[in-house]
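Peer 1: Got a structure for you, questions after.
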Amino acid sequence: RHIWKDVEEPEQFRGQGAAVGCGPYRLVDYSPARGSYLMAAFEDYYRGKPDVERLQFVKYSQEMAPAALRRGDINASRVPAETAGSLSSTELKLISQPPTWAAKLMINHREGPLSDRKMRHALGYAIDCKRIADIVRRGHAVAGSPGLLPPSNEPWHNPDVTRYGHDPERARRILRELGYERGTDGMAEKGGEPLTFTLLCSPRRMEFGRLAELLEQQIEEAGIGVEVRSAEASVLDSRLKNWQFELAVSGHGGLGGDPEILNRMILGGSFNSARYRENERLTELLKRQVRTTDRRERRRLVHRAQKLYAEELPAVTLYHPQWYWAHDGRLDLYHTPGGMALGIPLPLNKLSFVRTGQQ
């Protein structure tokens, strides 16, 4: 209060003392140009002065991090999944992050023919999520849960939801039920018009270029044409936000914490949310689950919501990546159960930096 009470425009305030808190460290310096933060131990912290005098956060590419760790230039960092095996055989400590991120096939369910749930089901059966996870993430991922929450998010994850699997023939049967015939080229058509969707992706974002190629191959195997188009990340996000797409590759994290994330990623208005409100039962379940204070009842509501979401399939959860951190073992780093903030799984717990045995 002594800092902020006289600030007239709080949203614009960037002056001395703007960053306040009550944790074990003080912010000493921040460099926007370098993206670095310097923290100093707060001697009067209620659990005792932290063991580590200074914390410095610096920018390092994941590709350069393993070598920097081996040289001792840095103490901890997230590292590429493909280096996990080699790092585990060194003196470095390896931490496996729980899969709490999702790569998704976004679907414009507001426009036909994708507004028909059966058409979305055809896409679900056309896609082999396990194969995609194995190829794109080189085995460092688990197949996406149709209910959105990954298996690592216990007890909220519901394993008993509709599983589409990889069944191109079943996808073709659904297309026939929808009035599509098999053309001479083997692709679905109606009234002489081929069934084709445009798939947007941003190749520079993660491994989404390769992901789009695999989706194109698998969906076309089921008789549905796909035209892949690239877009800059900001352009793609804008087109998602404004419903200017048919299919698109996107993703988000936050799936390891409170199941309120379901409300934001199913009903919410962000570009990476399904924004699906057509099923009134699903909407009501999600609204009720954030109001109830009974944990058992809430779990029941969350499980039912996942089941309905999987049946409606307003987006296809493709895979949940496995990520890794490595550190030199000077501290006992670990993942906070449920992650930090909005379920972000970071092994930088303040209790790892304070003295053990303090009460």
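To be explicit about the labels: the chains of the structure tokens are called A, B, and onward in the order shown, and within each one the residues are counted from 1, while ligands get numbers from 1 in the order they are shown.
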If you count only C-alpha atoms, which residues fall within 8 Å of Trp243 of chain A, apart from same-chain ones fewer than 3 positions away, as a list in words?
Peer 2: Asn108, Arg239 and Leu240 of chain A
Peer 1: Hey, what does DSSP flag as strand (DSSP E) within segment 164-201 of chain A? Can you give it to me as a ChimeraX atom specification?
Peer 2: /A:181-182,188-190,193-194,196-201
Peer 1: Show which residues sit within 12 Å of Pro155 of chain A, as a PDB file with C-alpha atoms, in the first residue's frame. Count only C-alpha atoms, and ignore same-chain residues fewer than 2 positions away.
Peer 2:
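Output below, filename around-v3.pdb:
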```pdb
ATOM      1  CA  LEU A 149      -7.457 -33.443 -19.105  1.00  0.00           C
ATOM      2  CA  PRO A 150      -4.345 -35.681 -19.333  1.00  0.00           C
ATOM      3  CA  PRO A 151      -3.922 -38.881 -17.286  1.00  0.00           C
ATOM      4  CA  SER A 152      -1.370 -37.105 -15.068  1.00  0.00           C
ATOM      5  CA  ASN A 153      -4.089 -34.852 -13.635  1.00  0.00           C
ATOM      6  CA  HIS A 157      -8.886 -37.072 -15.286  1.00  0.00           C
ATOM      7  CA  ASN A 158     -11.667 -39.349 -16.501  1.00  0.00           C
ATOM      8  CA  PRO A 159     -10.291 -42.420 -18.312  1.00  0.00           C
ATOM      9  CA  GLY A 256      -2.219 -30.048 -14.600  1.00  0.00           C
ATOM     10  CA  GLY A 257      -3.893 -27.810 -12.049  1.00  0.00           C
ATOM     11  CA  ASP A 258      -7.429 -27.017 -11.037  1.00  0.00           C
ATOM     12  CA  PRO A 259     -10.129 -28.376 -13.415  1.00  0.00           C
ATOM     13  CA  ARG A 295     -14.691 -32.379  -3.587  1.00  0.00           C
ATOM     14  CA  ARG A 296     -16.380 -35.720  -4.324  1.00  0.00           C
ATOM     15  CA  ARG A 298     -16.960 -31.812  -7.973  1.00  0.00           C
ATOM     16  CA  ARG A 299     -14.986 -34.825  -9.188  1.00  0.00           C
ATOM     17  CA  ARG A 300     -18.228 -36.438 -10.353  1.00  0.00           C
ATOM     18  CA  VAL A 302     -15.764 -32.934 -13.834  1.00  0.00           C
ATOM     19  CA  HIS A 303     -15.805 -36.567 -14.975  1.00  0.00           C
ATOM     20  CA  PRO A 337       1.714 -30.937  -7.146  1.00  0.00           C
ATOM     21  CA  GLY A 338      -0.835 -29.298  -9.420  1.00  0.00           C
TER      22      GLY A 338
END
```
Peer 1: Determine, counting only C-alpha atoms, which protein, DNA and RNA residues have an atom within 12 Å of an atom of Lys287 of chain A; residues of the same chain fewer than 2 positions away are not included. Present the result as a ChimeraX atom specification.
Peer 2: /A:259-264,266-268,277,280-285,289-292,298,301-302,305
Peer 1: Got a sec: who's within 9 Å of Val161 of chain A, counting only C-alpha atoms, leaving out chain neighbours fewer than 4 positions off, as JSON, numbers by chain?
Peer 2: {"A": [145, 146, 147, 303, 304, 306, 307, 308, 309, 310, 311]}
Peer 1: For each of A:Pro321, A:Gly35, A:Gly253, A:Gly225, take the minimum atom-to-atom distance to Gly139 of chain A, counting only C-alpha atoms, then give the residue where this is smallest.
Peer 2: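 Going through A:Pro321, A:Gly35, A:Gly253, A:Gly225 one by one, the smallest distance to Gly139 of chain A is for A:Pro321.
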Peer 1: Can you work out which one of A:Leu236, A:Ala222, A:Glu312, A:His140 has the shortest atom-to-atom distance to Arg176 of chain A, counting only C-alpha atoms?
Peer 2: A:Ala222
Peer 1: May I ask for the distance between atom CA of Ala315 of chain A and atom CA of Ala274 of chain A, given in Å to one decimal place?
Peer 2: 6.2 Å
Peer 1: Report, in Å to a single decimal, how far apart atom CA of Val228 of chain A and atom CA of Met265 of chain A are.
Peer 2: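 Value for the atom CA of Met265 of chain A-atom CA of Val228 of chain A distance: 24.5 Å.
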Peer 1: What's around Asp6 of chain A at 12 Å? Count only C-alpha atoms, leave out sequence neighbours fewer than 5 positions away in its own chain, and write the answer as an mmCIF file with C-alpha atoms, in the first residue's frame.
Peer 2:
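What follows is the written file result-v5.cif:
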```cif
data_model
loop_
_atom_site.group_PDB
_atom_site.id
_atom_site.type_symbol
_atom_site.label_atom_id
_atom_site.label_comp_id
_atom_site.auth_asym_id
_atom_site.auth_seq_id
_atom_site.Cartn_x
_atom_site.Cartn_y
_atom_site.Cartn_z
ATOM 1 C CA ARG A 1 0.000 0.000 0.000
ATOM 2 C CA PHE A 13 2.953 1.915 -13.470
ATOM 3 C CA ALA A 18 6.250 -1.640 -8.795
#
```
Peer 1: Do a neighbour search on segment 206-221 of chain A at 10 Å with only C-alpha atoms, toss out local chain neighbours closer than 2 positions, and write the hits as a PyMOL selection string.
Peer 2: chain A and resi 103+105+122-129+131-133+135-137+166-169+171-172+186-188+196-204+223-230+248-251+318
Peer 1: Please indicate the distance in Å from atom CA of Val79 of chain A to atom CA of Val58 of chain A, rounded to one decimal place.
Peer 2: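 Between atom CA of Val79 of chain A and atom CA of Val58 of chain A the gap is 14.3 Å.
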